[in-house]
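Visitor: Sharing a structure below in C-alpha cells format, with a few things to ask.
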Amino acid sequence: MVMLSPRAARLALRYERLRRARARQRVQIHEEYRERPIDWIVEKLGVARETLVWSMNPGYDAHQWDGTPDPMVAIAEGLAAWQDVGVESGTGTGKSFFAACLILWFLACWEGARVFTFAPKEDQLRLYIWTEMRKLWPRFQEHFPHAQLLDLRIRMLPGSDEWGAVGYAVGIEAGKDSATRAQGMHAEHMLLVYEEMPGIPLPVLTAGENTVTAPHNLRLGLGNPDSQHDTLHQFCLSPGVRHVRISALDHPNVVTGQEVVPGAVSRERVQRRRERYGEDSSLYQRRVRGISPPQAEDALIRWEWCEAAAARYNDPALRQGPRALGVDVAASEKGDRGAIARWLGACLLEVVSFPCPDPVRLGLDVAVEMAISGVDPMHVGVDSVGVGSGTVNKLKELNCYVNALNGGARPEPELEYVEDGRVPVADEAKYADLRAQMWWQLREDLQHGRIALPRDEELFRDLTTPTWWTKGGKIWVESKEDIRKRLGRSPDKGDACVYGNWVRQRGKVQEPEQPISAWDKHVLEHEAEQSRRIGQRVGAGAAGPMPPDVEVF
C-alpha cells in the first residue's frame with residue numbers, strides 16, 4: 001500500500017471531488033417526471049402502459065373491481081404525492097416488477113436520492129426486486145451512462161454511495177443488528193422499500209419510521225399477506241399510509257383471458273386454486289385476493305374460536321367453580337407489560353395488562369388480591385422464567401405456594417377423571433415442553449367450547465398470534481422470544497390467559513360456604529402442608545396437583 005504525503009493526499013481528494021462534480025454536471029435528472037411516475041416508466045423504460053393501467057384493456061367497462069381499482073396507478077400516485085404506501089397483494093400480480101420500476105424512477109428524478117430495500121432473507125432480495133432491476137438496467141443506463149449496478153447496490157455516480165440504492169436482509173434470523181440496518185440513514189430524498197414485508201420484524205419497521213424525518217422521506221411496503229397480525233397489515237393500517245390491495249381477480253390476464261402481462265397470474269391458475277382450496281379458504285383469500293385473514297395459516301388458535309368463547313361469556317354454567325389467576329411477569333416501565341387473567345370457573349372474567357417495573361412488588365400485589373378475592377394458591381399460575389422468579393419468591397415468603405410455571409420445563413402428566421379417582425395418562429409425550437402443553441390445552445378448550453372469554457380484541461390478537469408445528473413426533477409452539485422479535489412486543493394478555501386456564505379447577509365444583517382467606521391462620525397451615533410438594537418443585541417450574549374431585553376435560 002502506497003502512503004501519500006499530506007500534500008499529495010489533499011490533491012487526490014480535490015481531484016476526486018472535481019471528477020464527481022463534472023460527472024454530476026453531465027447527469028440530466030428527469031425533474032419533469034416527478035409527479036408522473038407512470039409516464040416515466042412507459043417512456044424511459046419502455047414498459048407497455050396497458051400492463052400498468054389495467055383499465056385500458058378490454059373488458060374493464062363491465063368489470064367489478066375486487067381490490068383497489070387500477071392498483072399500480074394508485075401506488076404511483078401515492079408516492080408522487082409524497083405519501084407512504086402499503087400494498088397487500090395476491091401472487092403473480094407484478095408487484096415486484098412495479099416496485100423495481102418505481103425505485104429507478106425515484107433515483108432518476110431527484111439528485112442525491114437514496115433508496116434502501118429490505119427483505120427477510122438475502123436470496124429474496126436477489127430473486128425479486130433486484131432481479132427485475134437488472135432486467136430494466138440496459139434501458140435505465142441509456143439515460144444514466146455513469147450509473148453502476150453492483151451486487152445489491154446502485155451507484156448513480158462512480159465510486160459514490162451518496163446517490164443510489166442498496167439492499168439489506170433484515171429478517172429475524174439476520175442477527176441482532178437487523179434493526180440497526182434500518183436506522184441511521186438520512187437524505188433529503190429517500191425511499192425505504194420493504195419487500196416480503198410479512199416476514200420483516202416489527203422493530204425493523206419501527207427503526208425505519210424513526211429514520212424518515214424529512215418531508216420527502218417515503219416508505220413502500222409490499223407482500224403477500226399472512227394475517228392481520230403481520231407487519232405488512234399493521235403498516236397498511238398506520239396513520240398516513242395509503243392502503244392498496246391488489247387482487248389477482250382484477251389482473252388483465254384474468255379479466256381478458258389473454259396473456260397481457262407475460263408470466264403473470266392467469267385465469268386458469270385462479271380457477272385451479274378456487275377448485276382446490278375453495279373461495280372461503282384462507283389460502284385463496286391471501287394468495288388470490290390479497291386479503292389478510294384474522295390469523296396465519298399455521299396459527300395455534302383461530303379467531304372464530306375466540307369470538308364463540310366471547311358469545312358464551314354470560315353463560316352461568318361456565319361460572320361454576322373457584323376463582324383462579326394467571327400472572328405474566330415483566331420488569332420494565334416502558335417495554336413488556338405484566339398481565340393478570342382473572343378466572344371464575346371456566347370463564348375468564350377479564351385480563352388486564354399494566355407497566356410492571358418491579359416483579360417483587362407484583363408478587364405482593366398478587367398476594368393481596370388472593371387474600372381479598374379468596375383465591376386458593378393452588379389455582380394461581382405465575383410465569384417463573386427470568387424476572388418471574390422474583391414474583392414467585394415473594395409469594396413464597398408470604399406462604400403462598402402458587403404454581404411456578406416454567407414454559408421450558410418438561411410437560412406434566414395429564415389427569416383423567418374416572419369413577420374411582422384420578423389416574424395419570426402419558427399424553428405429555430405429545431408436547432415439546434410445558435409451554436406447548438399449556439397453550440395446546442387452551443386451544444382444545446376453545447375449540448370444543450369449554451370456556452368463555454371477554455370480548456377483548458387485544459387478547460384475541462395475542463391468542464391467535466403464536467404458530468405451531470410438529471417435529472420429532474412432538475407439538476411445538478412458537479416461543480415468546482420469537483413472537484417478541486416478530487411483533488416487537490410480548491403477548492402478555494395471551495400468556496396470562498394460558499396460565500390461568502392451566503391452573504383453574506375443572507369439572508363440577510362445590511363452592512365453600514365462606515370465602516377462603518390466604519391470611520387465615522388455619523387455612524395457611526393447611527395450605528402449607530398440602531402444598532409442600534409445590535414448594536419443593538418451584539425451581540423446576542412444575543404445576544401443582546389438583547384436588548381429588550376434579551374432572552379434567
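Chain identifiers are assigned as A, B, and so on, following the order in which chains appear in the C-alpha cells; residues are numbered from 1 within each chain, and ligands are numbered from 1 in order of appearance.
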Could you name the residues that touch segment 226-235 of chain A at 7 Å or less, counting only C-alpha atoms, but leaving out those on the same chain fewer than 6 positions away, as an NGL selection string?

Guide: :A and (86 or 197-198 or 200-202 or 286 or 292-296 or 465)

Visitor: Got time to write the residues from that selection, C-alpha atoms, as a JSON list (two decimals), in the first residue's frame?

Guide:
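See selection.json below for the written result:
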[["chain", "number", "residue", "atom", "x", "y", "z"],
["A", 86, "GLY", "CA", -48.71, -0.24, 1.86],
["A", 197, "MET", "CA", -42.98, -7.42, 4.40],
["A", 198, "PRO", "CA", -44.90, -10.01, 6.49],
["A", 200, "ILE", "CA", -39.87, -8.44, 8.40],
["A", 201, "PRO", "CA", -39.85, -7.97, 12.20],
["A", 202, "LEU", "CA", -41.80, -5.01, 13.54],
["A", 286, "ARG", "CA", -54.47, -14.47, 0.81],
["A", 292, "SER", "CA", -55.33, -10.66, 5.34],
["A", 293, "PRO", "CA", -57.12, -13.37, 7.37],
["A", 294, "PRO", "CA", -57.59, -12.94, 11.14],
["A", 295, "GLN", "CA", -54.80, -15.45, 11.83],
["A", 296, "ALA", "CA", -51.95, -17.12, 9.97],
["A", 465, "THR", "CA", -50.56, -14.91, 17.08]]

Visitor: Go through segment 205-272 of chain A and collect every residue that DSSP, computed from the backbone, puts in strand (DSSP E or B); the answer should be as an NGL selection string.

Guide: :A and (216-223 or 241-246)

Visitor: For the selection you just gave me, I'd like the residues written to a file as a PDB file, in the first residue's frame, keeping C-alpha atoms.

Guide:
ATOM      1  CA  HIS A 216     -39.640  13.647   1.115  1.00  0.00           C
ATOM      2  CA  ASN A 217     -38.734  10.507   3.055  1.00  0.00           C
ATOM      3  CA  LEU A 218     -41.151   7.819   1.914  1.00  0.00           C
ATOM      4  CA  ARG A 219     -41.884   4.153   2.686  1.00  0.00           C
ATOM      5  CA  LEU A 220     -43.276   1.480   0.374  1.00  0.00           C
ATOM      6  CA  GLY A 221     -44.255  -1.841   1.959  1.00  0.00           C
ATOM      7  CA  LEU A 222     -45.481  -4.763  -0.117  1.00  0.00           C
ATOM      8  CA  GLY A 223     -46.024  -8.509   0.008  1.00  0.00           C
ATOM      9  CA  VAL A 241     -50.348   5.256   4.858  1.00  0.00           C
ATOM     10  CA  ARG A 242     -52.230   4.756   1.582  1.00  0.00           C
ATOM     11  CA  HIS A 243     -53.525   1.163   1.636  1.00  0.00           C
ATOM     12  CA  VAL A 244     -53.635  -0.581  -1.742  1.00  0.00           C
ATOM     13  CA  ARG A 245     -54.894  -4.142  -2.251  1.00  0.00           C
ATOM     14  CA  ILE A 246     -54.011  -5.933  -5.489  1.00  0.00           C
TER      15      ILE A 246
END

Visitor: Residues near Ile451 of chain A, anyone? I mean within 7 Å using only C-alpha atoms, not counting same-chain ones fewer than 3 positions away, as a PyMOL selection string.

Guide: chain A and resi 309+318+346-347+445-446

Visitor: Need the shell around Arg489 of chain A: protein/DNA/RNA residues with any atom at most 10 Å away, counting only C-alpha atoms. Skip same-chain ones fewer than 3 positions apart. Format as a ChimeraX atom specification?

Guide: /A:202-203,335-337,480-486,492

Visitor: Would you mind exporting the chosen residues as a compact mmCIF listing (two decimals), in the first residue's frame, restricted to C-alpha atoms?

Guide:
# COMPACT_ATOMS: atom_id res chain seq x y z
CA LEU A 202 -41.80 -5.01 13.54
CA PRO A 203 -38.69 -3.47 15.22
CA GLY A 335 -41.24 -2.24 27.48
CA ASP A 336 -43.05 -5.53 28.01
CA ARG A 337 -46.05 -5.28 30.32
CA LYS A 480 -42.30 -15.95 23.44
CA GLU A 481 -38.88 -14.68 22.32
CA ASP A 482 -39.64 -15.32 18.63
CA ILE A 483 -43.05 -13.67 18.96
CA ARG A 484 -41.41 -10.66 20.56
CA LYS A 485 -38.90 -10.43 17.69
CA ARG A 486 -41.67 -10.72 15.11
CA ASP A 492 -48.73 -10.58 27.72

Visitor: Near segment 257-268 of chain A, within 10 Å and counting only C-alpha atoms, which residues show up once chain neighbours fewer than 6 positions away are dropped, as a PyMOL selection string?

Guide: chain A and resi 48+50-52+54+57+59+90-94+248-249+251+274+288

Visitor: Write the selection just made, keeping C-alpha atoms, as a PDB file, in the first residue's frame?

Guide:
ATOM      1  CA  ALA A  48     -46.295  -1.054 -22.085  1.00  0.00           C
ATOM      2  CA  GLU A  50     -51.659  -1.225 -20.574  1.00  0.00           C
ATOM      3  CA  THR A  51     -49.660  -3.540 -18.278  1.00  0.00           C
ATOM      4  CA  LEU A  52     -49.706  -0.805 -15.627  1.00  0.00           C
ATOM      5  CA  TRP A  54     -55.201  -2.184 -16.261  1.00  0.00           C
ATOM      6  CA  ASN A  57     -57.617  -3.264 -21.521  1.00  0.00           C
ATOM      7  CA  GLY A  59     -63.483  -5.934 -20.530  1.00  0.00           C
ATOM      8  CA  GLY A  90     -52.229 -11.765  -4.422  1.00  0.00           C
ATOM      9  CA  THR A  91     -49.403 -13.734  -6.013  1.00  0.00           C
ATOM     10  CA  GLY A  92     -48.300 -13.249  -9.607  1.00  0.00           C
ATOM     11  CA  THR A  93     -49.665  -9.713  -9.950  1.00  0.00           C
ATOM     12  CA  GLY A  94     -46.362  -7.999 -10.828  1.00  0.00           C
ATOM     13  CA  ALA A 248     -55.491 -11.337  -8.916  1.00  0.00           C
ATOM     14  CA  LEU A 249     -59.158 -11.248  -9.913  1.00  0.00           C
ATOM     15  CA  HIS A 251     -55.398  -8.580 -13.251  1.00  0.00           C
ATOM     16  CA  ARG A 274     -60.657 -21.929  -6.374  1.00  0.00           C
ATOM     17  CA  VAL A 288     -55.594 -14.721  -4.880  1.00  0.00           C
TER      18      VAL A 288
END

Visitor: Quick one: residues within 12 Å of Val42 of chain A, only C-alpha atoms counted, chain neighbours fewer than 2 positions away excluded, as a ChimeraX atom specification?

Guide: /A:33,36-40,44-53,98,101-102,105,136,139-140

Visitor: Given the selection you just returned, output its residues as a file containing C-alpha atoms, formatted as an mmCIF file, in the first residue's frame.

Guide:
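What landed in result-v1.cif:
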data_model
loop_
_atom_site.group_PDB
_atom_site.id
_atom_site.type_symbol
_atom_site.label_atom_id
_atom_site.label_comp_id
_atom_site.auth_asym_id
_atom_site.auth_seq_id
_atom_site.Cartn_x
_atom_site.Cartn_y
_atom_site.Cartn_z
ATOM 1 C CA TYR A 33 -41.482 13.335 -14.319
ATOM 2 C CA ARG A 36 -45.757 11.390 -13.375
ATOM 3 C CA PRO A 37 -44.113 8.070 -12.462
ATOM 4 C CA ILE A 38 -46.298 6.021 -14.832
ATOM 5 C CA ASP A 39 -45.301 8.240 -17.772
ATOM 6 C CA TRP A 40 -41.603 7.911 -16.832
ATOM 7 C CA LYS A 44 -37.970 5.872 -20.292
ATOM 8 C CA LEU A 45 -38.083 2.137 -19.529
ATOM 9 C CA GLY A 46 -40.287 1.095 -22.425
ATOM 10 C CA VAL A 47 -42.935 -0.652 -20.331
ATOM 11 C CA ALA A 48 -46.295 -1.054 -22.085
ATOM 12 C CA ARG A 49 -48.812 1.303 -20.495
ATOM 13 C CA GLU A 50 -51.659 -1.225 -20.574
ATOM 14 C CA THR A 51 -49.660 -3.540 -18.278
ATOM 15 C CA LEU A 52 -49.706 -0.805 -15.627
ATOM 16 C CA VAL A 53 -53.032 0.913 -16.274
ATOM 17 C CA PHE A 98 -43.502 -2.416 -10.488
ATOM 18 C CA CYS A 101 -39.643 0.483 -11.809
ATOM 19 C CA LEU A 102 -40.536 2.906 -9.024
ATOM 20 C CA TRP A 105 -37.944 6.433 -11.231
ATOM 21 C CA LEU A 136 -34.562 -3.000 -16.677
ATOM 22 C CA ARG A 139 -32.831 0.916 -20.678
ATOM 23 C CA PHE A 140 -32.080 2.838 -17.492
#

Visitor: Quick one: DSSP alpha helix (DSSP H) residues in segment 17-241 of chain A, as a PyMOL selection string?

Guide: chain A and resi 17-26+37-45+71-80+95-109+122-127+129-143+202-211+231-236

Visitor: So that I can see what lies close to segment 119-124 of chain A, please list as a list in words the residues with an atom at most 10 Å from it, counting only C-alpha atoms and leaving out residues fewer than 3 positions away in the same chain.

Guide: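 Listing them by chain and then by number gives Leu127, Tyr128, Ile129, Trp130, Thr131, Leu152, Gly167, Tyr168, Ala169, Val170, Gly171, Ile172, Glu173, Ala174, Ser178, Val193, Tyr194, Glu195, Glu196, Met197, Pro198, Gly199, Ile200 and Pro201 of chain A.
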
Visitor: Please indicate the distance in Å from atom CA of Arg312 of chain A to atom CA of His448 of chain A, rounded to one decimal place.

Guide: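 Separating atom CA of Arg312 of chain A from atom CA of His448 of chain A is a distance of 12.3 Å.
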
Visitor: What gap, in Å, lies between atom CA of Lys95 of chain A and atom CA of Ser160 of chain A?

Guide: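 Distance between the two atoms: 29.2 Å.
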
Visitor: In Å, rounded to a single decimal, give me how far atom CA of Leu395 of chain A is from atom CA of Met378 of chain A.

Guide: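 Spanning atom CA of Met378 of chain A to atom CA of Leu395 of chain A is a straight-line distance of 12.3 Å.
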